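Shown below: run.txt, with compact mmCIF, C-alpha atoms and all ligand atoms.
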```txt
# COMPACT_ATOMS: atom_id res chain seq x y z
CA MET A 96 1.64 17.25 -18.46
CA ASN A 97 5.22 16.84 -19.57
CA LEU A 98 6.95 14.40 -17.21
CA ASP A 99 10.22 14.11 -19.16
CA SER A 100 12.22 15.65 -16.33
CA TYR A 101 11.10 12.95 -13.87
CA PHE A 102 13.68 10.17 -13.82
CA SER A 103 13.08 8.47 -10.49
CA VAL A 104 10.57 8.09 -7.67
CA ALA A 105 12.70 10.61 -5.75
CA ASP A 106 11.93 13.23 -8.42
CA PHE A 107 8.20 12.68 -7.88
CA GLU A 108 8.65 12.86 -4.13
CA ALA A 109 10.50 16.20 -4.40
CA ALA A 110 7.73 17.63 -6.60
CA ALA A 111 5.00 16.34 -4.26
CA ARG A 112 6.79 18.00 -1.37
CA ARG A 113 6.66 21.34 -3.18
CA LEU A 114 3.02 20.96 -4.23
CA LEU A 115 1.43 19.76 -1.00
CA PRO A 116 0.82 21.78 2.14
CA ARG A 117 3.20 20.81 4.92
CA ALA A 118 0.47 19.01 6.89
CA VAL A 119 -0.61 16.92 3.89
CA TYR A 120 2.95 16.06 2.85
CA GLY A 121 3.68 15.17 6.48
CA TYR A 122 0.68 12.82 6.53
CA VAL A 123 1.92 11.04 3.40
CA VAL A 124 5.63 10.80 4.10
CA GLY A 125 5.55 10.39 7.85
CA GLY A 126 6.07 7.40 10.09
CA THR A 127 5.44 7.13 13.80
CA GLU A 128 7.32 8.33 16.87
CA ASP A 129 11.07 8.45 16.07
CA GLY A 130 10.77 7.09 12.52
CA LEU A 131 12.93 4.02 13.25
CA THR A 132 10.86 1.76 11.03
CA VAL A 133 10.23 4.22 8.22
CA ASN A 134 14.01 4.73 7.97
CA ALA A 135 14.83 1.01 8.32
CA ASN A 136 12.44 0.33 5.42
CA ARG A 137 14.95 2.05 3.14
CA GLN A 138 18.20 1.06 4.84
CA CYS A 139 17.45 -2.67 4.62
CA PHE A 140 18.03 -2.63 0.86
CA ASP A 141 21.63 -1.45 1.35
CA GLN A 142 22.40 -4.62 3.29
CA LEU A 143 21.56 -7.00 0.47
CA MET A 144 23.53 -6.80 -2.76
CA PHE A 145 23.35 -8.74 -6.00
CA ARG A 146 25.72 -11.32 -7.45
CA PRO A 147 25.05 -11.01 -11.21
CA ARG A 148 25.86 -13.48 -13.99
CA GLY A 149 27.28 -12.37 -17.35
CA LEU A 150 27.09 -13.54 -20.96
CA MET A 151 23.73 -15.21 -20.45
CA GLY A 152 21.93 -14.11 -23.63
CA VAL A 153 19.32 -11.76 -22.22
CA ALA A 154 17.75 -10.33 -25.38
CA ALA A 155 14.25 -11.74 -24.67
CA ARG A 156 13.08 -10.79 -21.21
CA SER A 157 9.94 -11.36 -19.15
CA GLN A 158 8.78 -10.06 -15.78
CA THR A 159 5.33 -11.67 -15.95
CA VAL A 160 4.28 -13.27 -12.67
CA GLN A 161 1.55 -15.75 -11.77
CA LEU A 162 -0.64 -15.13 -8.76
CA TRP A 163 -3.45 -17.65 -8.16
CA ASP A 164 -5.13 -18.13 -11.54
CA ARG A 165 -4.00 -14.71 -12.77
CA SER A 166 -1.06 -13.43 -14.69
CA TYR A 167 0.36 -9.95 -14.05
CA PRO A 168 2.79 -8.21 -16.43
CA SER A 169 5.05 -7.07 -13.54
CA PRO A 170 5.43 -8.09 -9.89
CA ILE A 171 4.14 -4.70 -8.72
CA GLY A 172 0.87 -3.33 -7.40
CA ILE A 173 -0.46 -0.28 -5.55
CA ALA A 174 -0.83 -0.61 -1.76
CA PRO A 175 -3.97 0.68 -0.01
CA MET A 176 -3.76 4.30 1.08
CA GLY A 177 -6.43 6.24 2.93
CA ILE A 178 -7.68 9.84 2.60
CA THR A 179 -5.90 10.34 -0.71
CA ALA A 180 -8.40 13.03 -1.78
CA ILE A 181 -6.26 15.52 0.15
CA CYS A 182 -3.39 14.92 -2.30
CA ARG A 183 -5.26 15.03 -5.59
CA ARG A 184 -8.87 15.47 -6.62
CA GLN A 185 -10.47 12.02 -7.19
CA CYS A 186 -7.16 10.44 -6.30
CA ASP A 187 -8.55 6.93 -5.62
CA MET A 188 -9.93 6.87 -9.15
CA GLU A 189 -6.66 8.08 -10.69
CA LEU A 190 -4.75 5.33 -8.87
CA ALA A 191 -7.31 2.67 -9.82
CA LYS A 192 -7.35 3.66 -13.49
CA ALA A 193 -3.57 3.76 -13.77
CA ALA A 194 -3.24 0.27 -12.29
CA ARG A 195 -6.10 -1.07 -14.39
CA ALA A 196 -4.61 0.30 -17.61
CA LYS A 197 -1.39 -1.57 -16.85
CA GLY A 198 -3.13 -4.76 -15.72
CA LEU A 199 -1.63 -4.44 -12.23
CA PRO A 200 -3.40 -4.83 -8.87
CA PHE A 201 -4.69 -1.79 -7.00
CA VAL A 202 -5.85 -2.15 -3.41
CA LEU A 203 -8.55 0.34 -2.43
CA SER A 204 -8.17 1.42 1.18
CA GLY A 205 -10.97 1.03 3.72
CA VAL A 206 -10.53 4.73 4.46
CA SER A 207 -10.71 5.81 0.84
CA ASN A 208 -12.93 8.61 -0.38
CA THR A 209 -14.49 7.39 -3.64
CA PRO A 210 -17.27 4.81 -3.27
CA LEU A 211 -15.91 1.41 -4.26
CA GLU A 212 -18.98 0.84 -6.45
CA THR A 213 -18.05 3.94 -8.50
CA ILE A 214 -14.49 2.69 -8.93
CA GLN A 215 -15.60 -0.80 -9.93
CA ALA A 216 -18.00 0.67 -12.51
CA ALA A 217 -15.41 3.07 -13.98
CA THR A 218 -12.64 0.49 -14.24
CA GLY A 219 -14.69 -2.55 -15.23
CA GLY A 220 -13.92 -4.30 -11.91
CA GLY A 221 -10.74 -5.92 -10.66
CA THR A 222 -10.03 -3.60 -7.72
CA TRP A 223 -8.91 -5.29 -4.50
CA TYR A 224 -10.45 -3.98 -1.27
CA GLN A 225 -8.61 -3.51 2.03
CA GLY A 226 -10.68 -3.67 5.20
CA TYR A 227 -10.04 -2.17 8.61
CA PHE A 228 -12.38 -4.60 10.25
CA PRO A 229 -14.07 -4.65 13.66
CA GLY A 230 -14.04 -7.87 15.69
CA ASP A 231 -17.82 -8.14 15.48
CA THR A 232 -19.39 -10.70 13.17
CA GLU A 233 -22.72 -8.88 12.82
CA ARG A 234 -20.97 -5.77 11.56
CA LEU A 235 -18.59 -7.85 9.41
CA GLU A 236 -21.56 -9.57 7.78
CA ARG A 237 -22.96 -6.21 6.66
CA ILE A 238 -19.61 -4.99 5.32
CA ILE A 239 -18.84 -8.12 3.30
CA ASP A 240 -22.37 -8.05 1.94
CA ARG A 241 -21.57 -4.67 0.40
CA LEU A 242 -18.27 -5.99 -0.99
CA ARG A 243 -19.96 -9.06 -2.52
CA LYS A 244 -22.60 -6.87 -4.19
CA ALA A 245 -19.83 -4.70 -5.69
CA ASP A 246 -18.10 -7.81 -7.11
CA ILE A 247 -14.90 -7.32 -5.13
CA ASP A 248 -12.96 -10.54 -5.59
CA VAL A 249 -9.85 -9.96 -3.47
CA LEU A 250 -10.37 -8.92 0.15
CA VAL A 251 -7.29 -7.76 2.07
CA VAL A 252 -7.65 -7.55 5.85
CA THR A 253 -5.13 -5.32 7.60
CA SER A 254 -3.88 -6.90 10.81
CA ASP A 255 -1.44 -4.35 12.21
CA THR A 256 -3.80 -1.56 13.19
CA PRO A 257 -5.72 -2.60 16.33
CA VAL A 258 -5.34 0.93 17.73
CA ALA A 259 -4.33 4.33 16.39
CA ALA A 260 -0.58 4.74 15.99
CA ASN A 261 1.38 7.57 17.56
CA ARG A 262 1.78 9.90 14.58
CA GLU A 263 3.28 12.86 16.36
CA ASN A 264 4.14 14.62 13.12
CA ASN A 265 0.44 14.80 12.19
CA GLU A 266 -0.45 16.24 15.54
CA ARG A 267 2.34 18.81 15.33
CA ASN A 268 1.04 19.88 11.94
CA GLY A 269 -2.54 20.08 13.21
CA PHE A 270 -3.66 17.20 10.99
CA THR A 271 -6.31 15.18 12.82
CA LEU A 272 -9.18 12.82 12.06
CA PRO A 273 -11.94 13.98 12.22
CA PHE A 274 -10.34 16.78 10.25
CA ARG A 275 -10.54 20.15 12.05
CA PRO A 276 -9.91 23.37 10.12
CA SER A 277 -7.52 25.75 11.89
CA TRP A 278 -5.58 28.96 11.18
CA PRO A 279 -2.21 27.17 10.79
CA LEU A 280 -3.81 24.79 8.25
CA PHE A 281 -5.40 27.75 6.46
CA TRP A 282 -1.99 29.49 6.11
CA ASP A 283 -0.44 26.22 5.02
CA GLY A 284 -3.01 26.22 2.19
CA VAL A 285 -2.40 29.86 1.33
CA ARG A 286 1.30 29.08 0.84
CA HIS A 287 0.34 26.33 -1.63
CA PRO A 288 -2.05 28.10 -4.01
CA ARG A 289 -1.99 25.44 -6.73
CA TRP A 290 -3.07 22.79 -4.20
CA SER A 291 -5.67 25.16 -2.70
CA TYR A 292 -7.29 25.64 -6.10
CA GLN A 293 -6.79 22.29 -7.87
CA VAL A 294 -7.33 20.00 -4.90
CA PHE A 295 -9.10 21.77 -2.04
CA LEU A 296 -11.46 24.13 -3.88
CA LYS A 297 -12.27 21.92 -6.86
CA THR A 298 -12.96 18.91 -4.64
CA LEU A 299 -15.17 21.00 -2.37
CA LEU A 300 -17.13 22.41 -5.31
CA ASN A 301 -17.49 19.15 -7.23
CA GLU A 302 -17.55 16.33 -4.69
CA GLY A 303 -18.02 18.18 -1.38
CA ILE A 304 -15.92 17.39 1.69
CA PRO A 305 -14.22 14.00 1.10
CA ARG A 306 -16.09 11.18 2.80
CA LEU A 307 -15.15 7.96 4.49
CA ALA A 308 -16.80 6.26 1.56
CA ASN A 309 -15.76 2.65 2.13
CA LEU A 310 -15.02 2.08 5.80
CA TYR A 311 -18.26 0.30 6.64
CA GLU A 312 -21.43 -0.95 4.98
CA GLU A 313 -22.67 2.52 4.04
CA ILE A 314 -21.05 5.57 2.44
CA GLY A 315 -19.82 7.23 5.61
CA PRO A 316 -19.72 10.85 6.77
CA PRO A 317 -17.33 13.60 5.62
CA ILE A 318 -13.83 13.38 7.11
CA THR A 319 -14.78 16.26 9.40
CA ARG A 320 -17.15 13.95 11.32
CA GLU A 321 -16.64 10.70 13.21
CA PRO A 322 -18.63 7.75 11.80
CA LYS A 323 -21.37 6.54 14.15
CA GLN A 324 -19.44 3.25 14.59
CA GLY A 325 -16.26 5.24 15.38
CA PHE A 326 -13.08 5.33 13.28
CA ARG A 327 -11.69 2.22 14.88
CA GLY A 328 -14.72 0.89 16.73
CA GLY A 329 -14.03 -2.73 17.67
CA ARG A 330 -10.82 -3.10 15.69
CA ASP A 331 -8.93 -4.12 18.82
CA LEU A 332 -11.32 -7.09 19.17
CA LEU A 333 -10.37 -8.60 15.81
CA THR A 334 -8.68 -12.03 16.10
CA TRP A 335 -7.64 -14.96 13.91
CA ASP A 336 -11.02 -16.54 14.74
CA HIS A 337 -12.72 -13.70 12.84
CA LEU A 338 -10.48 -14.50 9.87
CA SER A 339 -11.66 -18.14 10.04
CA TRP A 340 -15.25 -16.85 10.23
CA LEU A 341 -14.60 -14.66 7.18
CA ARG A 342 -13.00 -17.59 5.35
CA GLU A 343 -16.25 -19.55 5.65
CA ARG A 344 -18.32 -16.72 4.22
CA TRP A 345 -16.05 -14.90 1.77
CA PRO A 346 -16.12 -16.57 -1.63
CA GLY A 347 -13.24 -14.59 -3.15
CA LYS A 348 -9.56 -14.45 -2.35
CA LEU A 349 -8.72 -13.55 1.24
CA VAL A 350 -5.36 -11.94 2.06
CA VAL A 351 -3.95 -10.70 5.39
CA LYS A 352 -1.78 -7.59 5.29
CA GLY A 353 0.62 -6.62 8.06
CA ILE A 354 2.34 -9.94 8.75
CA LEU A 355 5.87 -9.78 10.21
CA HIS A 356 6.04 -12.83 12.50
CA PRO A 357 6.40 -16.38 11.11
CA ASP A 358 3.78 -17.61 13.60
CA ASP A 359 1.20 -15.26 12.05
CA ALA A 360 2.16 -16.53 8.60
CA ILE A 361 1.51 -20.10 9.84
CA GLU A 362 -1.88 -18.98 11.22
CA ALA A 363 -2.76 -17.51 7.84
CA VAL A 364 -1.93 -20.77 6.07
CA ASP A 365 -3.74 -22.91 8.66
CA ARG A 366 -6.86 -20.76 8.52
CA GLY A 367 -7.18 -21.05 4.77
CA MET A 368 -6.05 -17.59 3.67
CA ASP A 369 -5.11 -17.19 0.01
CA GLY A 370 -2.04 -15.08 0.67
CA ILE A 371 -0.29 -12.65 3.00
CA ILE A 372 1.32 -9.26 2.60
CA VAL A 373 4.45 -8.94 4.73
CA SER A 374 4.32 -5.34 5.85
CA ASN A 375 4.96 -2.88 8.66
CA HIS A 376 2.42 -0.44 7.21
CA GLY A 377 5.13 1.75 5.71
CA GLY A 378 6.50 2.47 9.20
CA ARG A 379 3.18 4.03 10.18
CA GLN A 380 2.17 1.72 13.01
CA LEU A 381 4.61 0.15 15.51
CA ASP A 382 7.82 2.17 15.50
CA GLY A 383 10.69 -0.27 15.80
CA ALA A 384 8.91 -3.02 13.85
CA LEU A 385 11.41 -4.75 11.57
CA PRO A 386 11.47 -4.07 7.81
CA ALA A 387 9.30 -6.41 5.76
CA LEU A 388 12.32 -7.38 3.62
CA THR A 389 14.17 -8.53 6.74
CA ALA A 390 11.14 -10.51 7.92
CA LEU A 391 10.65 -12.19 4.55
CA PRO A 392 13.17 -15.08 4.75
CA GLY A 393 11.88 -16.21 8.15
CA ILE A 394 8.32 -16.18 6.83
CA LYS A 395 9.14 -17.94 3.56
CA ALA A 396 10.85 -20.67 5.61
CA VAL A 397 7.60 -21.63 7.36
CA VAL A 398 4.95 -21.35 4.62
CA PRO A 399 4.44 -24.12 2.07
CA GLU A 400 4.96 -23.49 -1.66
CA PRO A 401 3.18 -22.12 -3.62
CA PHE A 402 1.41 -20.08 -0.89
CA PRO A 403 1.63 -16.46 -2.13
CA VAL A 404 3.77 -14.22 0.04
CA MET A 405 3.55 -10.58 -1.00
CA ILE A 406 5.32 -7.60 0.53
CA ASP A 407 5.40 -3.81 0.86
CA GLY A 408 7.39 -1.07 2.57
CA GLY A 409 10.08 1.23 1.25
CA PHE A 410 10.27 -0.01 -2.35
CA ARG A 411 11.50 2.84 -4.56
CA ARG A 412 13.55 1.10 -7.29
CA GLY A 413 13.34 -1.89 -9.59
CA THR A 414 16.36 -3.30 -7.76
CA ASP A 415 14.43 -3.13 -4.46
CA VAL A 416 11.61 -5.12 -6.03
CA LEU A 417 14.06 -7.71 -7.38
CA LYS A 418 15.65 -8.19 -3.96
CA ALA A 419 12.24 -9.11 -2.52
CA VAL A 420 11.48 -11.38 -5.50
CA ALA A 421 14.85 -13.07 -4.96
CA LEU A 422 13.78 -13.80 -1.38
CA GLY A 423 10.52 -15.31 -2.58
CA ALA A 424 7.99 -12.44 -2.73
CA ARG A 425 5.37 -12.97 -5.44
CA MET A 426 4.14 -9.40 -5.62
CA VAL A 427 5.54 -6.11 -4.31
CA PHE A 428 3.19 -3.27 -3.43
CA VAL A 429 4.21 0.36 -3.52
CA GLY A 430 2.44 2.99 -1.44
CA ARG A 431 3.94 6.46 -1.33
CA PRO A 432 5.59 6.30 -4.78
CA ALA A 433 2.17 5.87 -6.41
CA LEU A 434 0.73 8.69 -4.31
CA TYR A 435 3.58 11.03 -5.28
CA GLY A 436 2.83 10.20 -8.92
CA ALA A 437 -0.88 10.92 -8.44
CA THR A 438 -0.12 14.18 -6.61
CA VAL A 439 2.02 15.45 -9.46
CA ALA A 440 0.00 14.34 -12.48
CA GLY A 441 -2.97 12.11 -11.57
CA GLN A 442 -3.31 8.90 -13.58
CA GLN A 443 -0.47 9.95 -15.89
CA GLY A 444 1.88 10.44 -12.94
CA VAL A 445 0.96 7.07 -11.41
CA ALA A 446 1.46 5.41 -14.79
CA LYS A 447 4.89 6.97 -15.08
CA VAL A 448 5.87 5.74 -11.61
CA LEU A 449 4.67 2.21 -12.43
CA ASP A 450 6.57 2.38 -15.74
CA MET A 451 9.74 3.42 -13.91
CA PHE A 452 9.52 0.31 -11.75
CA SER A 453 8.88 -2.03 -14.68
CA THR A 454 11.57 -0.41 -16.88
CA GLU A 455 14.11 -0.70 -14.08
CA ILE A 456 13.12 -4.33 -13.44
CA ASP A 457 13.52 -5.11 -17.13
CA ARG A 458 16.93 -3.47 -17.38
CA ASN A 459 18.14 -5.03 -14.15
CA LEU A 460 17.06 -8.53 -15.16
CA ALA A 461 19.36 -8.10 -18.17
CA LEU A 462 22.20 -6.77 -16.01
CA LEU A 463 21.72 -9.67 -13.60
CA GLY A 464 21.91 -12.20 -16.42
CA CYS A 465 18.45 -13.62 -15.67
CA PRO A 466 16.08 -12.87 -18.55
CA ASP A 467 12.95 -14.41 -17.00
CA ILE A 468 11.83 -13.33 -13.54
CA LYS A 469 10.38 -16.79 -12.88
CA ASP A 470 13.99 -18.10 -12.76
CA PHE A 471 15.13 -15.34 -10.43
CA GLY A 472 16.05 -16.26 -6.86
CA ALA A 473 18.53 -16.11 -3.98
CA TYR A 474 21.24 -17.49 -6.31
CA TYR A 475 21.61 -13.91 -7.55
CA LEU A 476 22.22 -12.42 -4.08
CA ASP A 477 25.48 -12.00 -2.17
CA PRO A 478 25.67 -15.29 -0.20
CA VAL A 479 27.50 -13.71 2.74
CA GLN A 480 24.84 -11.05 3.25
CA LEU A 481 22.10 -13.60 2.66
CA ALA A 482 23.53 -15.98 5.27
CA ARG A 483 23.71 -13.11 7.74
CA MET A 484 20.08 -12.24 7.05
CA ASN A 485 18.89 -15.85 7.33
CA GLY A 486 20.97 -16.36 10.48
CA SER A 487 19.41 -13.36 12.18
CA GLN A 488 15.95 -14.80 11.49
CA GLU A 489 16.86 -18.30 12.70
CA THR A 490 18.14 -17.10 16.06
CA ALA A 491 14.84 -15.25 16.59
C1 LIG B 1 -0.75 8.05 3.02
C2 LIG B 1 -0.83 6.59 3.38
C3 LIG B 1 -2.03 6.04 3.76
C4 LIG B 1 -2.11 4.69 4.07
N1 LIG B 1 -3.34 4.15 4.36
C5 LIG B 1 -3.45 2.81 4.55
C6 LIG B 1 -4.72 2.22 4.70
O1 LIG B 1 -5.74 2.88 4.64
N2 LIG B 1 -4.77 0.87 4.88
C7 LIG B 1 -3.63 0.09 4.93
O2 LIG B 1 -3.73 -1.13 5.10
N3 LIG B 1 -2.42 0.64 4.77
C8 LIG B 1 -2.30 1.97 4.56
N4 LIG B 1 -1.07 2.52 4.34
C9 LIG B 1 0.11 1.64 4.29
C10 LIG B 1 0.33 1.13 2.86
O3 LIG B 1 -0.69 0.27 2.46
C11 LIG B 1 1.65 0.37 2.72
O4 LIG B 1 1.71 -0.64 3.70
C12 LIG B 1 2.87 1.27 2.85
O5 LIG B 1 2.59 2.57 2.41
C13 LIG B 1 4.02 0.70 2.04
O6 LIG B 1 5.16 1.47 2.20
P1 LIG B 1 5.68 2.57 1.14
O7 LIG B 1 4.73 3.72 1.25
O8 LIG B 1 7.03 2.87 1.64
O9 LIG B 1 5.64 1.94 -0.22
C14 LIG B 1 -0.96 3.88 4.03
C15 LIG B 1 0.26 4.45 3.66
C16 LIG B 1 0.34 5.78 3.32
C17 LIG B 1 1.65 6.34 2.88
```
Show this structure as structure tokens.
Ligand SMILES: Cc1cc2nc3c(=O)[nH]c(=O)nc-3n(C[C@H](O)[C@H](O)[C@H](O)COP(=O)(O)O)c2cc1C
Amino acid sequence: MNLDSYFSVADFEAAARRLLPRAVYGYVVGGTEDGLTVNANRQCFDQLMFRPRGLMGVAARSQTVQLWDRSYPSPIGIAPMGITAICRRQCDMELAKAARAKGLPFVLSGVSNTPLETIQAATGGGTWYQGYFPGDTERLERIIDRLRKADIDVLVVTSDTPVAANRENNERNGFTLPFRPSWPLFWDGVRHPRWSYQVFLKTLLNEGIPRLANLYEEIGPPITREPKQGFRGGRDLLTWDHLSWLRERWPGKLVVKGILHPDDAIEAVDRGMDGIIVSNHGGRQLDGALPALTALPGIKAVVPEPFPVMIDGGFRRGTDVLKAVALGARMVFVGRPALYGATVAGQQGVAKVLDMFSTEIDRNLALLGCPDIKDFGAYYLDPVQLARMNGSQETA
């Protein structure tokens, strides 16, 4: 597919909006309740500007970052996203392959639709797995046994989803889990014939109804049925003690996603985690939760170096990524942008979105007068805005 007319993530979003039925687009783009957090996730970038240097000799540039014993060509990865099969046929695979081809991390969601074993086999391994875990060690034992057998080496536990969020927009659009067909959804599909054929019909004919393939220890039921353990069975029982329990048994890297409070960051360090992802779940959980970028300085202030602090939420430009890197983020994950890319053109679309980020980062490093990202930091930010941001965290 010719993607020459796509210049920004916003172009992919506009195309995805046209392609997807209203209910599916609403599921992807939406936040919760009044959308305070989903909006704040974008607005926070306006409140932090750069202070570039000039005449620095920027001909040779690098955006390679180190994370644990690994080296990544850019500080970007793909955040976990569930039920992506409704956006694109075999969407999890398209996302995984695009990330793999670029040597960037891809986090497979616990509510994804392609068995993680299939993805590991097709990509030669390297996929990170995100768990929505119950607070029940017997069940956890069975789940991590599956992950160990599939050679998953980075386990990401999401901490901000103890109960279902209030996603009114989904309910208005008739989009529920378990998925229930209805006349409004049928007409929504009729008005989007390309989606109905390429995504709905082809998936149904080739793979059947998308499954909850990776939520628990077995390949779960189709999304039209509730798993026997429930969608969220026991998630509200999960505590830091379960993370300590996991730490003793999980041989790979262990990361907690959904951290916004410095005290949780301290818990993560004290309990032997390998990293955290500062995140408000893309504004899809607690409405009114602060943007991850705003939370970052307060969290960086309490964790020891070189403990990896990663981040996601609202990143749409290379400049957004660089603002988080300047505040100390090691890796920035993008959610919706990658899904818009996959919706429009599968692996090729995701690759183009990832390229946009890395091209913008490269150009902006030159414009900032800092050729190597490892030398990039708060020095390149407006000190007045930075002081305001740090002050607001200190008074908390
Ligand atoms: C459609 C969709 C599904 C998501 N599903 C999950 C999920 O299964 N697990 C999870 O931890 N986060 C999930 N998230 C949140 C993302 O991992 C990430 O925190 C968020 O999307 C980042 O914000 P951005 O989309 O603005 O980049 C989902 C986000 C979207 C948009």
ask   = How would you write, as an NGL selection string, the set of residues no farther than 8 Å from ligand LIG 1 (chain B) when counting all atoms listed in the file?
value = :A and (122-125 or 133 or 136 or 174-179 or 204-207 or 225-227 or 252-253 or 352-353 or 374-379 or 407-411 or 428-432 or 434)
How would the residues just picked look written out with C-alpha atoms as a PDB file, keeping the file's coordinate frame?
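Printed below is selection.pdb as written:
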```pdb
ATOM      1  CA  TYR A 122       0.680  12.820   6.530  1.00  0.00           C
ATOM      2  CA  VAL A 123       1.920  11.040   3.400  1.00  0.00           C
ATOM      3  CA  VAL A 124       5.630  10.800   4.100  1.00  0.00           C
ATOM      4  CA  GLY A 125       5.550  10.390   7.850  1.00  0.00           C
ATOM      5  CA  VAL A 133      10.230   4.220   8.220  1.00  0.00           C
ATOM      6  CA  ASN A 136      12.440   0.330   5.420  1.00  0.00           C
ATOM      7  CA  ALA A 174      -0.830  -0.610  -1.760  1.00  0.00           C
ATOM      8  CA  PRO A 175      -3.970   0.680  -0.010  1.00  0.00           C
ATOM      9  CA  MET A 176      -3.760   4.300   1.080  1.00  0.00           C
ATOM     10  CA  GLY A 177      -6.430   6.240   2.930  1.00  0.00           C
ATOM     11  CA  ILE A 178      -7.680   9.840   2.600  1.00  0.00           C
ATOM     12  CA  THR A 179      -5.900  10.340  -0.710  1.00  0.00           C
ATOM     13  CA  SER A 204      -8.170   1.420   1.180  1.00  0.00           C
ATOM     14  CA  GLY A 205     -10.970   1.030   3.720  1.00  0.00           C
ATOM     15  CA  VAL A 206     -10.530   4.730   4.460  1.00  0.00           C
ATOM     16  CA  SER A 207     -10.710   5.810   0.840  1.00  0.00           C
ATOM     17  CA  GLN A 225      -8.610  -3.510   2.030  1.00  0.00           C
ATOM     18  CA  GLY A 226     -10.680  -3.670   5.200  1.00  0.00           C
ATOM     19  CA  TYR A 227     -10.040  -2.170   8.610  1.00  0.00           C
ATOM     20  CA  VAL A 252      -7.650  -7.550   5.850  1.00  0.00           C
ATOM     21  CA  THR A 253      -5.130  -5.320   7.600  1.00  0.00           C
ATOM     22  CA  LYS A 352      -1.780  -7.590   5.290  1.00  0.00           C
ATOM     23  CA  GLY A 353       0.620  -6.620   8.060  1.00  0.00           C
ATOM     24  CA  SER A 374       4.320  -5.340   5.850  1.00  0.00           C
ATOM     25  CA  ASN A 375       4.960  -2.880   8.660  1.00  0.00           C
ATOM     26  CA  HIS A 376       2.420  -0.440   7.210  1.00  0.00           C
ATOM     27  CA  GLY A 377       5.130   1.750   5.710  1.00  0.00           C
ATOM     28  CA  GLY A 378       6.500   2.470   9.200  1.00  0.00           C
ATOM     29  CA  ARG A 379       3.180   4.030  10.180  1.00  0.00           C
ATOM     30  CA  ASP A 407       5.400  -3.810   0.860  1.00  0.00           C
ATOM     31  CA  GLY A 408       7.390  -1.070   2.570  1.00  0.00           C
ATOM     32  CA  GLY A 409      10.080   1.230   1.250  1.00  0.00           C
ATOM     33  CA  PHE A 410      10.270  -0.010  -2.350  1.00  0.00           C
ATOM     34  CA  ARG A 411      11.500   2.840  -4.560  1.00  0.00           C
ATOM     35  CA  PHE A 428       3.190  -3.270  -3.430  1.00  0.00           C
ATOM     36  CA  VAL A 429       4.210   0.360  -3.520  1.00  0.00           C
ATOM     37  CA  GLY A 430       2.440   2.990  -1.440  1.00  0.00           C
ATOM     38  CA  ARG A 431       3.940   6.460  -1.330  1.00  0.00           C
ATOM     39  CA  PRO A 432       5.590   6.300  -4.780  1.00  0.00           C
ATOM     40  CA  LEU A 434       0.730   8.690  -4.310  1.00  0.00           C
TER      41      LEU A 434
END
```
### Task
Find the distance between CA of Asp255 in chain A and CA of Gln380 in chain A and write it in Å to one decimal.
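CA of Gln380 in chain A lies at a distance of 7.1 Å from CA of Asp255 in chain A.
Of the listed residues (A:Leu381, A:Gly367, A:Leu355, A:Thr232), A:Leu355 comes nearest to Lys395 in chain A; the distances count only C-alpha atoms.
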For a test of reading the model, state the distance in Å between CA of Cys182 in chain A and CA of Trp282 in chain A, rounded to one decimal.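 Interatomic distance here is 16.9 Å.
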Shell of 7 Å around range 261-275 of chain A, all atoms listed in the file, local chain residues under 6 positions omitted, as a PyMOL selection string:
chain A and resi 118+121-122+125-128+318-321
CA of Val479 in chain A to CA of Ile372 in chain A measures 26.6 Å
Determine, using all atoms listed in the file, which residues of range 276-389 of chain A have any atom at most 12 Å from an atom of range 439-453 of chain A, and tabulate each with its shortest atom pair and distance in Å to one decimal place, rows ordered by chain and then rising number, as JSON lines.
```
{"residue": "A:Arg289", "atom": "CA", "partner": "A:Val439", "partner_atom": "CA", "distance": 11.1}
{"residue": "A:Trp290", "atom": "CA", "partner": "A:Val439", "partner_atom": "CA", "distance": 10.4}
{"residue": "A:Gln293", "atom": "CA", "partner": "A:Val439", "partner_atom": "CA", "distance": 11.3}
{"residue": "A:Val294", "atom": "CA", "partner": "A:Gly441", "partner_atom": "CA", "distance": 11.2}
```
Let's have the selection written as an mmCIF file, in the frame of the given file, with C-alpha atoms.
```
data_model
loop_
_atom_site.group_PDB
_atom_site.id
_atom_site.type_symbol
_atom_site.label_atom_id
_atom_site.label_comp_id
_atom_site.auth_asym_id
_atom_site.auth_seq_id
_atom_site.Cartn_x
_atom_site.Cartn_y
_atom_site.Cartn_z
ATOM 1 C CA ARG A 289 -1.990 25.440 -6.730
ATOM 2 C CA TRP A 290 -3.070 22.790 -4.200
ATOM 3 C CA GLN A 293 -6.790 22.290 -7.870
ATOM 4 C CA VAL A 294 -7.330 20.000 -4.900
#
```
**Asked** For Leu143 in chain A, which residue out of A:Leu462, A:Ile456, A:Leu235, A:Leu388 is the nearest one, using all atoms listed in the file?
**Response**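 Of A:Leu462, A:Ile456, A:Leu235, A:Leu388, the one nearest Leu143 in chain A, counting all atoms listed in the file, is A:Leu388.
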| field | Counting all atoms listed in the file, the option among A:His356, A:Arg306, A:Arg117, A:Lys469 closest to Val285 in chain A | value |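 That would be A:Arg117, the residue with the smallest distance to Val285 in chain A.
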message = Distance cut-off 6 Å, centre (-11.4, 5.3, -5.4) in file coordinates, counting all atoms listed in the file: which residues qualify? Return them as an MDAnalysis selection string.
response = chainID A and resid 187:188 209 214
Could you take the residues named above and write them with C-alpha atoms, as a PDB file, in the frame of the given file?
```pdb
ATOM      1  CA  ASP A 187      -8.550   6.930  -5.620  1.00  0.00           C
ATOM      2  CA  MET A 188      -9.930   6.870  -9.150  1.00  0.00           C
ATOM      3  CA  THR A 209     -14.490   7.390  -3.640  1.00  0.00           C
ATOM      4  CA  ILE A 214     -14.490   2.690  -8.930  1.00  0.00           C
TER       5      ILE A 214
END
```
